[in-house]
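Data from model.txt: compact mmCIF, C-alpha atoms
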# COMPACT_ATOMS: atom_id res chain seq x y z
CA MET A 1 -25.69 81.42 134.52
CA ILE A 2 -23.96 81.27 131.19
CA ALA A 3 -20.29 81.56 130.24
CA CYS A 4 -19.16 83.32 127.08
CA HIS A 5 -17.59 80.79 124.75
CA GLU A 6 -15.11 83.35 123.50
CA CYS A 7 -13.86 85.04 126.67
CA ASP A 8 -15.15 82.78 129.47
CA LEU A 9 -16.94 85.62 131.31
CA LEU A 10 -19.74 84.39 133.54
CA GLN A 11 -22.96 86.31 133.25
CA ARG A 12 -26.60 85.98 134.19
CA GLU A 13 -29.00 84.71 131.56
CA VAL A 14 -31.80 87.16 130.94
CA PRO A 15 -35.03 86.52 129.06
CA LEU A 16 -35.01 88.24 125.68
CA PRO A 17 -37.76 89.94 123.72
CA ALA A 18 -38.68 88.13 120.50
CA GLY A 19 -35.92 88.49 117.94
CA GLY A 20 -33.47 89.80 120.51
CA VAL A 21 -29.81 88.87 120.71
CA ALA A 22 -27.81 88.53 123.92
CA ARG A 23 -24.19 89.59 123.61
CA CYS A 24 -21.30 89.11 125.98
CA ALA A 25 -20.81 92.17 128.18
CA ARG A 26 -17.04 91.99 127.82
CA CYS A 27 -16.12 90.83 124.31
CA GLY A 28 -19.38 91.30 122.40
CA ALA A 29 -19.67 87.71 121.14
CA GLU A 30 -23.19 86.49 120.54
CA LEU A 31 -24.31 84.38 123.51
CA TYR A 32 -27.79 83.37 122.43
CA ARG A 33 -30.76 84.75 120.59
CA SER A 34 -34.48 84.37 120.84
CA HIS A 35 -36.65 83.69 117.88
CA PRO A 36 -40.38 83.08 118.03
CA ASP A 37 -41.07 79.46 117.01
CA SER A 38 -37.37 78.85 116.50
CA PHE A 39 -37.84 75.08 116.70
CA GLU A 40 -40.70 74.88 114.20
CA ARG A 41 -39.04 77.30 111.80
CA THR A 42 -35.76 75.41 111.88
CA LEU A 43 -37.58 72.15 111.19
CA SER A 44 -39.56 73.45 108.22
CA LEU A 45 -36.55 75.25 106.75
CA THR A 46 -34.53 72.04 107.09
CA LEU A 47 -37.15 69.95 105.30
CA GLY A 48 -37.35 72.54 102.54
CA ALA A 49 -33.58 72.59 102.23
CA ILE A 50 -33.44 68.79 101.91
CA ALA A 51 -35.86 68.91 98.96
CA LEU A 52 -33.85 71.70 97.32
CA PHE A 53 -30.60 69.87 97.97
CA ALA A 54 -31.93 66.82 96.12
CA ILE A 55 -33.01 68.94 93.13
CA ALA A 56 -29.70 70.82 93.14
CA ASN A 57 -27.78 67.57 92.81
CA ILE A 58 -29.97 65.75 90.31
CA TYR A 59 -30.21 68.50 87.71
CA PRO A 60 -27.29 70.17 85.90
CA ILE A 61 -25.89 73.40 87.31
CA VAL A 62 -24.70 74.98 84.09
CA GLY A 63 -24.39 74.13 80.45
CA LEU A 64 -22.48 75.42 77.44
CA LYS A 65 -24.27 75.82 74.14
CA LEU A 66 -22.01 75.24 71.18
CA GLU A 67 -23.02 74.66 67.56
CA GLY A 68 -26.50 73.68 68.58
CA GLN A 69 -25.24 71.23 71.16
CA VAL A 70 -25.76 71.78 74.85
CA ILE A 71 -23.18 70.31 77.22
CA GLN A 72 -24.23 70.26 80.83
CA THR A 73 -22.67 69.31 84.10
CA THR A 74 -24.00 68.42 87.51
CA LEU A 75 -22.10 69.07 90.69
CA PHE A 76 -21.24 65.41 91.12
CA HIS A 77 -20.02 65.17 87.57
CA THR A 78 -17.72 68.11 88.26
CA VAL A 79 -16.19 66.18 91.13
CA GLN A 80 -15.84 63.11 88.92
CA THR A 81 -14.02 65.02 86.19
CA LEU A 82 -11.52 66.46 88.66
CA TRP A 83 -10.99 62.97 90.07
CA ASP A 84 -10.28 61.56 86.62
CA GLU A 85 -7.87 64.43 85.86
CA GLU A 86 -5.59 63.18 88.65
CA MET A 87 -6.70 66.06 90.83
CA LYS A 88 -7.93 63.76 93.54
CA SER A 89 -7.26 66.09 96.46
CA VAL A 90 -9.09 69.00 94.84
CA ALA A 91 -11.94 66.67 93.85
CA ALA A 92 -12.18 65.42 97.42
CA LEU A 93 -12.16 68.99 98.75
CA VAL A 94 -15.01 70.02 96.44
CA PHE A 95 -16.95 66.86 97.26
CA VAL A 96 -16.61 67.27 101.02
CA THR A 97 -17.43 70.98 101.19
CA THR A 98 -20.33 71.11 98.75
CA LEU A 99 -21.92 67.65 98.92
CA LEU A 100 -20.94 65.64 101.97
CA MET A 101 -20.94 68.32 104.68
CA PRO A 102 -24.16 70.10 103.62
CA ALA A 103 -25.89 66.70 103.33
CA LEU A 104 -24.68 65.63 106.76
CA GLU A 105 -25.78 68.95 108.24
CA LEU A 106 -29.28 68.72 106.81
CA PHE A 107 -29.82 65.07 107.74
CA ALA A 108 -28.40 65.50 111.23
CA MET A 109 -30.71 68.48 111.71
CA ALA A 110 -33.76 66.52 110.52
CA TYR A 111 -32.72 63.50 112.60
CA LEU A 112 -32.64 65.62 115.76
CA LEU A 113 -35.67 67.81 115.14
CA LEU A 114 -38.29 65.47 113.64
CA PRO A 115 -38.46 62.92 116.49
CA LEU A 116 -38.40 65.73 119.07
CA LYS A 117 -41.37 67.31 117.34
CA LEU A 118 -43.20 63.98 117.66
CA GLY A 119 -42.29 63.80 121.34
CA ARG A 120 -39.49 61.26 121.18
CA VAL A 121 -35.75 61.57 121.74
CA PRO A 122 -33.81 60.04 118.83
CA GLN A 123 -31.09 57.49 119.53
CA GLY A 124 -27.61 58.90 119.85
CA PHE A 125 -28.97 62.43 120.29
CA ALA A 126 -25.81 63.79 121.93
CA LEU A 127 -23.52 62.16 119.37
CA VAL A 128 -25.47 63.52 116.39
CA PHE A 129 -25.61 66.96 118.02
CA ARG A 130 -21.85 67.04 118.41
CA MET A 131 -21.40 65.86 114.82
CA LEU A 132 -23.71 68.66 113.65
CA GLN A 133 -21.61 71.28 115.45
CA ALA A 134 -18.42 69.87 113.93
CA VAL A 135 -19.83 69.70 110.40
CA ARG A 136 -21.37 73.16 110.15
CA PRO A 137 -18.27 75.26 109.38
CA TRP A 138 -17.39 73.03 106.43
CA GLY A 139 -20.53 73.36 104.31
CA MET A 140 -19.81 76.07 101.74
CA VAL A 141 -22.85 76.22 99.50
CA GLU A 142 -22.82 80.02 99.36
CA VAL A 143 -19.20 80.11 98.23
CA LEU A 144 -19.93 77.49 95.58
CA MET A 145 -22.76 79.66 94.30
CA LEU A 146 -20.46 82.64 93.80
CA GLY A 147 -17.85 80.35 92.24
CA VAL A 148 -20.34 79.08 89.66
CA LEU A 149 -21.34 82.64 88.80
CA VAL A 150 -17.73 83.69 88.32
CA SER A 151 -17.01 80.71 86.08
CA LEU A 152 -20.12 81.53 84.02
CA VAL A 153 -18.72 84.95 83.27
CA LYS A 154 -15.32 83.43 82.51
CA LEU A 155 -16.84 80.96 80.04
CA ALA A 156 -19.23 83.40 78.43
CA HIS A 157 -16.64 84.34 75.80
CA LEU A 158 -16.17 80.69 74.77
CA ALA A 159 -19.78 79.76 74.19
CA ALA A 160 -23.32 80.66 75.16
CA VAL A 161 -23.87 79.76 78.79
CA VAL A 162 -27.09 78.05 79.85
CA PRO A 163 -27.92 78.26 83.56
CA GLY A 164 -29.38 74.96 84.76
CA ILE A 165 -32.20 74.18 87.18
CA ALA A 166 -29.68 73.30 89.87
CA LEU A 167 -28.23 76.80 89.72
CA TRP A 168 -31.52 78.26 90.89
CA SER A 169 -31.92 75.56 93.53
CA PHE A 170 -28.43 76.24 94.83
CA GLY A 171 -29.29 79.91 95.04
CA ALA A 172 -32.40 79.14 97.07
CA LEU A 173 -30.49 76.59 99.14
CA MET A 174 -27.93 79.23 100.01
CA ILE A 175 -30.70 81.43 101.42
CA LEU A 176 -32.24 78.54 103.37
CA PHE A 177 -28.87 77.64 104.92
CA ALA A 178 -28.44 81.24 106.04
CA ALA A 179 -31.99 81.23 107.45
CA ILE A 180 -31.38 77.97 109.34
CA ALA A 181 -28.19 79.39 110.83
CA ALA A 182 -30.07 82.50 111.94
CA VAL A 183 -33.07 80.70 113.44
CA PHE A 184 -31.55 77.54 114.94
CA ASP A 185 -31.30 77.71 118.72
CA PRO A 186 -29.37 74.78 120.25
CA ARG A 187 -30.52 75.82 123.72
CA GLU A 188 -34.12 75.17 122.83
CA LEU A 189 -33.14 71.79 121.42
CA TRP A 190 -31.67 70.73 124.75
CA ALA A 191 -34.59 72.22 126.67
CA ARG A 192 -37.07 70.20 124.61
CA MET A 193 -35.01 67.09 124.99
CA SER A 194 -34.84 67.28 128.75
CA ALA A 195 -38.55 68.11 128.91
CA ILE A 196 -39.33 64.83 127.12
CA ARG A 197 -36.89 62.75 129.14
CA MET B 1 -10.80 97.46 135.03
CA THR B 2 -10.80 97.71 138.80
CA ARG B 3 -12.96 94.72 139.63
CA ALA B 4 -11.77 91.27 138.70
CA PRO B 5 -13.84 89.79 135.91
CA THR B 6 -15.60 86.60 136.97
CA THR B 7 -14.79 83.93 134.46
CA ALA B 8 -16.08 80.40 134.46
CA ALA B 9 -12.55 79.08 134.92
CA SER B 10 -11.93 81.22 138.00
CA LEU B 11 -14.90 79.56 139.71
CA GLY B 12 -13.82 76.10 138.67
CA LEU B 13 -16.47 75.80 135.98
CA LEU B 14 -15.88 74.30 132.55
CA VAL B 15 -17.88 75.34 129.49
CA CYS B 16 -18.80 72.64 127.01
CA HIS B 17 -17.66 73.81 123.58
CA ALA B 18 -20.40 71.80 121.83
CA CYS B 19 -23.57 72.48 123.82
CA GLY B 20 -22.59 75.40 126.08
CA LEU B 21 -23.42 73.69 129.37
CA LEU B 22 -21.50 74.82 132.44
CA ALA B 23 -20.06 71.89 134.35
CA ARG B 24 -18.22 71.84 137.67
CA ALA B 25 -14.72 70.50 137.26
CA GLY B 26 -14.18 67.30 139.18
CA PRO B 27 -10.87 66.09 140.58
CA HIS B 28 -10.06 64.52 137.22
CA ALA B 29 -10.70 67.55 135.10
CA HIS B 30 -8.24 66.40 132.45
CA ASP B 31 -10.42 63.68 131.05
CA ALA B 32 -13.81 65.07 131.94
CA CYS B 33 -16.77 64.79 129.58
CA CYS B 34 -19.80 67.04 129.32
CA PRO B 35 -22.62 65.50 131.42
CA ARG B 36 -25.18 66.59 128.83
CA CYS B 37 -23.71 65.95 125.37
CA GLY B 38 -20.60 63.90 126.14
CA ALA B 39 -18.06 66.18 124.45
CA ARG B 40 -14.65 66.35 126.11
CA LEU B 41 -14.26 69.30 128.44
CA HIS B 42 -11.17 71.50 128.61
CA TRP B 43 -10.25 74.65 130.50
CA ARG B 44 -8.87 75.94 127.23
CA LYS B 45 -8.49 74.16 123.92
CA PRO B 46 -5.62 71.69 124.36
CA ASP B 47 -2.21 72.90 123.10
CA SER B 48 -4.04 75.74 121.39
CA ILE B 49 -1.00 77.92 120.72
CA SER B 50 1.36 75.24 119.41
CA ARG B 51 -1.33 73.62 117.25
CA THR B 52 -2.33 76.96 115.76
CA TRP B 53 1.32 77.81 115.05
CA ALA B 54 1.91 74.45 113.38
CA LEU B 55 -1.13 74.72 111.10
CA LEU B 56 -0.44 78.36 110.39
CA ILE B 57 3.18 77.78 109.38
CA ALA B 58 2.09 74.96 107.10
CA ALA B 59 -0.45 77.32 105.52
CA ILE B 60 2.17 80.05 105.02
CA VAL B 61 4.45 77.53 103.29
CA CYS B 62 1.62 76.46 100.95
CA TYR B 63 0.69 80.06 100.20
CA VAL B 64 3.81 80.49 98.06
CA PRO B 65 3.15 77.65 95.53
CA ALA B 66 -0.55 78.54 95.60
CA ASN B 67 0.30 81.92 94.11
CA VAL B 68 3.26 81.01 91.95
CA LEU B 69 2.13 77.73 90.37
CA PRO B 70 -0.63 77.77 87.75
CA MET B 71 -4.21 77.08 88.82
CA MET B 72 -5.25 76.13 85.30
CA HIS B 73 -3.69 75.03 82.03
CA THR B 74 -5.61 76.08 78.93
CA GLY B 75 -4.79 74.47 75.64
CA SER B 76 -6.45 75.12 72.27
CA LEU B 77 -5.61 75.18 68.59
CA PHE B 78 -4.02 78.57 69.08
CA GLY B 79 -1.51 77.52 71.68
CA SER B 80 -1.57 76.95 75.39
CA GLN B 81 -1.34 79.10 78.45
CA SER B 82 -1.10 78.67 82.20
CA ASP B 83 -3.02 80.86 84.60
CA THR B 84 -2.05 81.68 88.14
CA ILE B 85 -4.51 83.36 90.47
CA MET B 86 -3.02 86.76 89.80
CA SER B 87 -3.08 86.37 86.01
CA GLY B 88 -6.77 85.42 86.33
CA VAL B 89 -7.38 88.64 88.22
CA ILE B 90 -5.50 90.63 85.58
CA TYR B 91 -7.48 88.92 82.83
CA PHE B 92 -10.77 90.00 84.37
CA TRP B 93 -9.44 93.50 85.03
CA THR B 94 -8.30 94.07 81.44
CA SER B 95 -11.37 92.45 79.89
CA GLY B 96 -13.61 94.95 81.63
CA SER B 97 -15.06 92.77 84.40
CA TRP B 98 -13.37 94.82 87.10
CA TYR B 99 -15.95 93.82 89.71
CA LEU B 100 -15.07 90.13 89.20
CA ALA B 101 -11.39 91.00 89.31
CA LEU B 102 -11.99 92.67 92.68
CA ILE B 103 -14.00 89.73 94.05
CA ILE B 104 -11.33 87.20 93.10
CA PHE B 105 -8.51 89.44 94.25
CA PHE B 106 -10.09 89.82 97.68
CA ALA B 107 -11.28 86.23 98.09
CA SER B 108 -8.16 84.50 96.80
CA ILE B 109 -5.25 86.79 97.56
CA MET B 110 -6.19 89.29 100.27
CA VAL B 111 -8.36 87.09 102.51
CA PRO B 112 -5.83 84.26 102.99
CA LEU B 113 -3.00 86.78 103.45
CA LEU B 114 -4.88 88.94 105.96
CA LYS B 115 -6.10 85.83 107.73
CA MET B 116 -2.58 84.53 108.21
CA ILE B 117 -1.30 87.94 109.34
CA SER B 118 -4.19 88.21 111.80
CA LEU B 119 -3.51 84.78 113.26
CA VAL B 120 0.19 85.61 113.69
CA LEU B 121 -0.79 88.82 115.43
CA LEU B 122 -3.25 87.02 117.72
CA LEU B 123 -0.74 84.28 118.57
CA VAL B 124 2.14 86.64 119.29
CA SER B 125 0.02 88.96 121.41
CA VAL B 126 -1.35 86.01 123.40
CA GLN B 127 2.13 84.62 123.95
CA LEU B 128 3.32 88.02 125.17
CA ARG B 129 0.31 88.02 127.56
CA SER B 130 -0.56 91.37 126.06
CA ARG B 131 -3.48 93.43 127.34
CA TRP B 132 -3.44 95.62 124.26
CA GLN B 133 -6.75 96.18 122.42
CA LEU B 134 -8.57 93.20 123.89
CA ASN B 135 -11.90 93.99 122.29
CA GLN B 136 -10.41 94.69 118.89
CA ARG B 137 -8.48 91.44 118.93
CA ALA B 138 -11.59 89.48 119.94
CA ARG B 139 -13.38 91.11 117.01
CA LEU B 140 -10.49 90.30 114.70
CA TYR B 141 -10.72 86.63 115.64
CA ARG B 142 -14.47 86.54 114.89
CA LEU B 143 -13.82 88.18 111.52
CA VAL B 144 -11.14 85.60 110.67
CA GLU B 145 -13.56 82.79 111.43
CA VAL B 146 -16.35 84.22 109.30
CA VAL B 147 -14.39 85.35 106.28
CA GLY B 148 -12.01 82.41 105.82
CA ARG B 149 -14.39 80.16 103.93
CA TRP B 150 -14.73 82.59 101.01
CA SER B 151 -11.22 81.75 99.84
CA MET B 152 -12.59 78.47 98.48
CA LEU B 153 -14.06 80.53 95.63
CA ASP B 154 -11.23 79.93 93.17
CA ILE B 155 -11.27 76.17 93.74
CA TYR B 156 -14.93 76.05 92.71
CA VAL B 157 -14.31 78.26 89.69
CA VAL B 158 -11.57 75.91 88.46
CA ALA B 159 -13.73 72.84 89.16
CA VAL B 160 -16.73 74.11 87.18
CA ILE B 161 -14.68 75.37 84.24
CA VAL B 162 -12.65 72.17 83.97
CA ALA B 163 -15.76 70.00 84.09
CA LEU B 164 -17.61 72.01 81.43
CA VAL B 165 -14.76 72.45 79.00
CA GLN B 166 -13.63 68.82 79.27
CA LEU B 167 -16.85 67.80 77.61
CA GLN B 168 -16.14 69.32 74.24
CA ALA B 169 -13.21 69.48 71.87
CA LEU B 170 -12.93 73.26 71.61
CA ALA B 171 -10.18 73.55 74.15
CA THR B 172 -8.69 71.54 76.96
CA ILE B 173 -8.53 73.04 80.38
CA LEU B 174 -6.72 71.15 83.09
CA PRO B 175 -6.37 72.05 86.74
CA GLY B 176 -2.81 72.98 87.71
CA PRO B 177 -0.75 72.14 90.81
CA GLY B 178 -1.50 75.60 92.22
CA ALA B 179 -5.06 74.45 92.88
CA ILE B 180 -3.85 71.75 95.29
CA ALA B 181 -1.63 74.18 97.18
CA PHE B 182 -4.41 76.73 97.26
CA GLY B 183 -6.93 74.23 98.64
CA ALA B 184 -4.37 73.30 101.30
CA VAL B 185 -4.01 76.96 102.33
CA VAL B 186 -7.75 77.34 102.81
CA VAL B 187 -8.17 74.12 104.78
CA LEU B 188 -5.06 74.68 106.92
CA THR B 189 -6.02 78.25 107.84
CA MET B 190 -9.53 77.09 108.75
CA PHE B 191 -8.11 74.41 111.04
CA ALA B 192 -5.66 76.95 112.47
CA ALA B 193 -8.51 79.36 113.30
CA MET B 194 -10.43 76.50 114.93
CA ALA B 195 -7.42 75.43 117.00
CA PHE B 196 -6.98 78.94 118.39
CA ASP B 197 -8.79 79.58 121.66
CA PRO B 198 -10.05 83.19 121.84
CA ARG B 199 -10.35 82.91 125.62
CA LEU B 200 -6.55 83.07 125.74
CA ILE B 201 -6.84 86.71 124.65
CA TRP B 202 -8.62 87.52 127.90
CA ASP B 203 -6.70 85.31 130.29
CA PRO B 204 -4.00 87.91 131.12
CA LEU B 205 -6.75 90.02 132.75
CA ASP B 206 -7.56 87.15 135.06
CA GLU B 207 -4.01 86.32 135.95
CA GLU B 208 -3.44 89.85 137.07
CA HIS B 209 -5.85 89.12 139.90
CA GLY B 210 -4.07 85.91 140.75
CA ARG B 211 -6.84 83.66 139.61
CA ALA B 212 -5.30 81.85 136.70
CA PRO B 213 -7.13 78.75 135.58
CA ALA B 214 -5.55 75.55 136.82

The structure given in the file should be rewritten as structure tokens.
Amino acid sequence: MIACHECDLLQREVPLPAGGVARCARCGAELYRSHPDSFERTLSLTLGAIALFAIANIYPIVGLKLEGQVIQTTLFHTVQTLWDEEMKSVAALVFVTTLLMPALELFAMAYLLLPLKLGRVPQGFALVFRMLQAVRPWGMVEVLMLGVLVSLVKLAHLAAVVPGIALWSFGALMILFAAIAAVFDPRELWARMSAIR
Amino acid sequence: MTRAPTTAASLGLLVCHACGLLARAGPHAHDACCPRCGARLHWRKPDSISRTWALLIAAIVCYVPANVLPMMHTGSLFGSQSDTIMSGVIYFWTSGSWYLALIIFFASIMVPLLKMISLVLLLVSVQLRSRWQLNQRARLYRLVEVVGRWSMLDIYVVAVIVALVQLQALATILPGPGAIAFGAVVVLTMFAAMAFDPRLIWDPLDEEHGRAPA
């Protein structure tokens, strides 16, 4: 049996065809979905996203070209500038939603999935799982991406705008985050864990 | 509906909000923890209505300065100007980037406003134990949860522009106090949406059959 998390209706769990989605009979909320190789796909997407996340933070996102000079900024530098401009709360908000939360999400995901793949249950499994669920709504990479694009257009009249390597990596990262959200199946995670225990 | 819907609560079962496990409520259901993942178990989110109201009212209060105070101060050799969200939208509209004007208008002005109106509607209808449009209201709540994050857009725009323009002497752009208020609106409405328990929408159906959750 399974209870809908949005309306509390009890219903019988039915096996789904590959790629199928089970919805609540009363309120239509998504109950669970079935993806072939959900576990393996989530793991590989997570590892890919970690690599992209590193690139996206090392290299500059955008630059301005002015009189032969190119001025560039990384995401972290953006946060630093806001912090120095006495905009500490806005700086903290940007830092938490675009750096801290996505990083926590990716590392928590890898921490849970990798050992399970190797047949071990990581320490503090339940705690990290709960942290992952709490962190997920706060990562806003896709919104950041749109924000950068808008500011590029806004700045284009001031100087020539140079898109940086990190801009492309953030774009790809955005797609990977969406793919992880679509493929990740917490039910399988718990099933694997209890199978090992 | 002629037959009583069977909810988990009516059978004395608690759903774990973190891992989805169904657990039988013991005699001490008030401080029960999920046997699988250890999250605290509740029949419904604790004090859902009053917490949502509190966060929502705070958000409504912040919405005013967020729209009235400037998001950005621009200073150059040719004078200085302050931009609110709306003047940014108008700038894009008049300079021909109407699609950007629309994006910012929806993300920064319409989404927070509609989100707050929707939450007020959901709260009032739940408090009146209304049975009106249950499915539509459940859908509305899901929409509020999904769309809310996009309001952060303007914060990121200000952050990137300030960081880039700070680095050269052409002009100075400083973030304005509106940015703080605006960030507060986004965060407060997100917390408000999280504090709201959508199961409350459906509870009046259950009570009608005399099986209210304990």

Nearby residues, (-10.6, 84.6, 95.7) file frame, 8 Å, all atoms listed in the file, as a PyMOL selection string: chain B and resi 103-111+150-154

Considering only C-alpha atoms, return as JSON, numbers by chain whatever protein or nucleic-acid residues lie within 12 Å of B:Leu134, sequence-local ones (same chain, fewer than 4 positions apart) excluded. {"A": [6, 7, 26, 27, 28], "B": [122, 125, 126, 129, 130, 138, 139, 140, 141, 198, 199, 200, 201, 202, 203, 204, 205]}

Tell me which of B:Thr74, B:Thr7, B:Thr84, B:Thr94 sits closest to chain A, counting only C-alpha atoms.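 So, comparing all the options, the nearest one is B:Thr7.
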
Could you please tell me, as a VMD selection string, which residues of chain A have an atom within 6 Å of chain B when using only C-alpha atoms? chain A and resid 6 to 10 27 78 81 90 126 143 to 144 147 151

Contact residues around A:Asn57 with only C-alpha atoms at 8 Å, ignoring same-chain residues under 4 positions, as a count of residues only: 5

Taking 4 positions as the minimum chain separation for residues in the same chain, which residues sit within 10 Å of A:Pro60 when counting all atoms listed in the file? Answer as a list in words.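 Here the answer would be Ile55, Ala56, Ile71, Gln72, Thr73, Thr74, Leu75, Phe76, His77, Val162, Pro163, Gly164, Ile165, Ala166 and Leu167 of chain A.
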
Nearest to B:Leu119 by atom-to-atom distance, counting all atoms listed in the file, from B:Asn67, B:Leu55, B:Asp31, B:Leu41: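 Closest candidate: B:Leu55.
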
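Coordinates place atom CA of A:His35 at a distance of 5.5 Å from atom CA of A:Ala18.
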
Hey, what's within 10 Å of A:Val135 if we count only C-alpha atoms and toss same-chain stuff fewer than 6 positions away? As a list in words, please?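 That gives Thr97, Leu100, Met101, Pro102, Ala103, Leu104, Glu105, Ala108 and Phe129 of chain A.
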
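Using all atoms listed in the file, the nearest neighbour of A:Leu106 within the list A:Phe125, A:Phe177, A:Trp138, A:Phe184 is A:Phe177.
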
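Between atom CA of B:Thr52 and atom CA of B:Ile117 the interatomic distance comes to 12.8 Å.
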
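In this comparison, which uses all atoms listed in the file, the residue of B:Gly178, B:Pro70, B:Gly12, B:Gly148 approaching B:Ser87 most closely is B:Pro70.
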
Of the listed residues A:Ala178, A:Cys4, A:Leu189, A:Leu158, that which approaches A:Phe39 most closely, counting only C-alpha atoms: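 Checking each candidate against A:Phe39, we get A:Leu189 as the closest.
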
For B:Leu114, which residue out of B:Tyr63, B:Trp132, B:Met71, B:Leu102 is the nearest one, using only C-alpha atoms?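 Nearest candidate to B:Leu114 out of B:Tyr63, B:Trp132, B:Met71, B:Leu102: B:Tyr63.
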
Rounded to one decimal, what separation in Å do you get between atom CA of A:Thr42 and atom CA of A:Ile2? 23.4 Å

Could you write stretch 100-119 of chain B as an mmCIF file, in the frame of the given file, with N, CA and C atoms rebuilt where they are missing?
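And here's part_30.cif as it stands now:
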data_model
loop_
_atom_site.group_PDB
_atom_site.id
_atom_site.type_symbol
_atom_site.label_atom_id
_atom_site.label_comp_id
_atom_site.auth_asym_id
_atom_site.auth_seq_id
_atom_site.Cartn_x
_atom_site.Cartn_y
_atom_site.Cartn_z
ATOM 1 N N LEU B 100 -15.504 91.511 88.974
ATOM 2 C CA LEU B 100 -15.070 90.130 89.200
ATOM 3 C C LEU B 100 -13.593 90.085 89.595
ATOM 4 N N ALA B 101 -12.807 90.932 88.953
ATOM 5 C CA ALA B 101 -11.390 91.000 89.310
ATOM 6 C C ALA B 101 -11.247 91.330 90.790
ATOM 7 N N LEU B 102 -12.061 92.282 91.277
ATOM 8 C CA LEU B 102 -11.990 92.670 92.680
ATOM 9 C C LEU B 102 -12.407 91.524 93.596
ATOM 10 N N ILE B 103 -13.511 90.833 93.216
ATOM 11 C CA ILE B 103 -14.000 89.730 94.050
ATOM 12 C C ILE B 103 -12.919 88.657 94.185
ATOM 13 N N ILE B 104 -12.325 88.268 93.048
ATOM 14 C CA ILE B 104 -11.330 87.200 93.100
ATOM 15 C C ILE B 104 -10.078 87.664 93.818
ATOM 16 N N PHE B 105 -9.687 88.917 93.583
ATOM 17 C CA PHE B 105 -8.510 89.440 94.250
ATOM 18 C C PHE B 105 -8.693 89.392 95.771
ATOM 19 N N PHE B 106 -9.861 89.827 96.242
ATOM 20 C CA PHE B 106 -10.090 89.820 97.680
ATOM 21 C C PHE B 106 -10.214 88.405 98.222
ATOM 22 N N ALA B 107 -11.035 87.570 97.552
ATOM 23 C CA ALA B 107 -11.280 86.230 98.090
ATOM 24 C C ALA B 107 -10.033 85.363 98.049
ATOM 25 N N SER B 108 -9.251 85.457 96.974
ATOM 26 C CA SER B 108 -8.160 84.500 96.800
ATOM 27 C C SER B 108 -6.815 85.003 97.264
ATOM 28 N N ILE B 109 -6.577 86.296 97.214
ATOM 29 C CA ILE B 109 -5.250 86.790 97.560
ATOM 30 C C ILE B 109 -5.273 87.523 98.900
ATOM 31 N N MET B 110 -6.188 88.486 99.047
ATOM 32 C CA MET B 110 -6.190 89.290 100.270
ATOM 33 C C MET B 110 -6.683 88.507 101.478
ATOM 34 N N VAL B 111 -7.792 87.760 101.329
ATOM 35 C CA VAL B 111 -8.360 87.090 102.510
ATOM 36 C C VAL B 111 -7.377 86.089 103.132
ATOM 37 N N PRO B 112 -6.771 85.180 102.348
ATOM 38 C CA PRO B 112 -5.830 84.260 102.990
ATOM 39 C C PRO B 112 -4.643 85.002 103.622
ATOM 40 N N LEU B 113 -4.148 86.040 102.937
ATOM 41 C CA LEU B 113 -3.000 86.780 103.450
ATOM 42 C C LEU B 113 -3.347 87.478 104.761
ATOM 43 N N LEU B 114 -4.480 88.222 104.753
ATOM 44 C CA LEU B 114 -4.880 88.940 105.960
ATOM 45 C C LEU B 114 -5.201 87.970 107.092
ATOM 46 N N LYS B 115 -5.761 86.816 106.715
ATOM 47 C CA LYS B 115 -6.100 85.830 107.730
ATOM 48 C C LYS B 115 -4.835 85.313 108.418
ATOM 49 N N MET B 116 -3.814 85.043 107.620
ATOM 50 C CA MET B 116 -2.580 84.530 108.210
ATOM 51 C C MET B 116 -1.891 85.598 109.047
ATOM 52 N N ILE B 117 -1.893 86.847 108.554
ATOM 53 C CA ILE B 117 -1.300 87.940 109.340
ATOM 54 C C ILE B 117 -2.050 88.104 110.657
ATOM 55 N N SER B 118 -3.395 88.037 110.587
ATOM 56 C CA SER B 118 -4.190 88.210 111.800
ATOM 57 C C SER B 118 -3.895 87.119 112.811
ATOM 58 N N LEU B 119 -3.773 85.876 112.334
ATOM 59 C CA LEU B 119 -3.510 84.780 113.260
ATOM 60 C C LEU B 119 -2.126 84.922 113.896
#
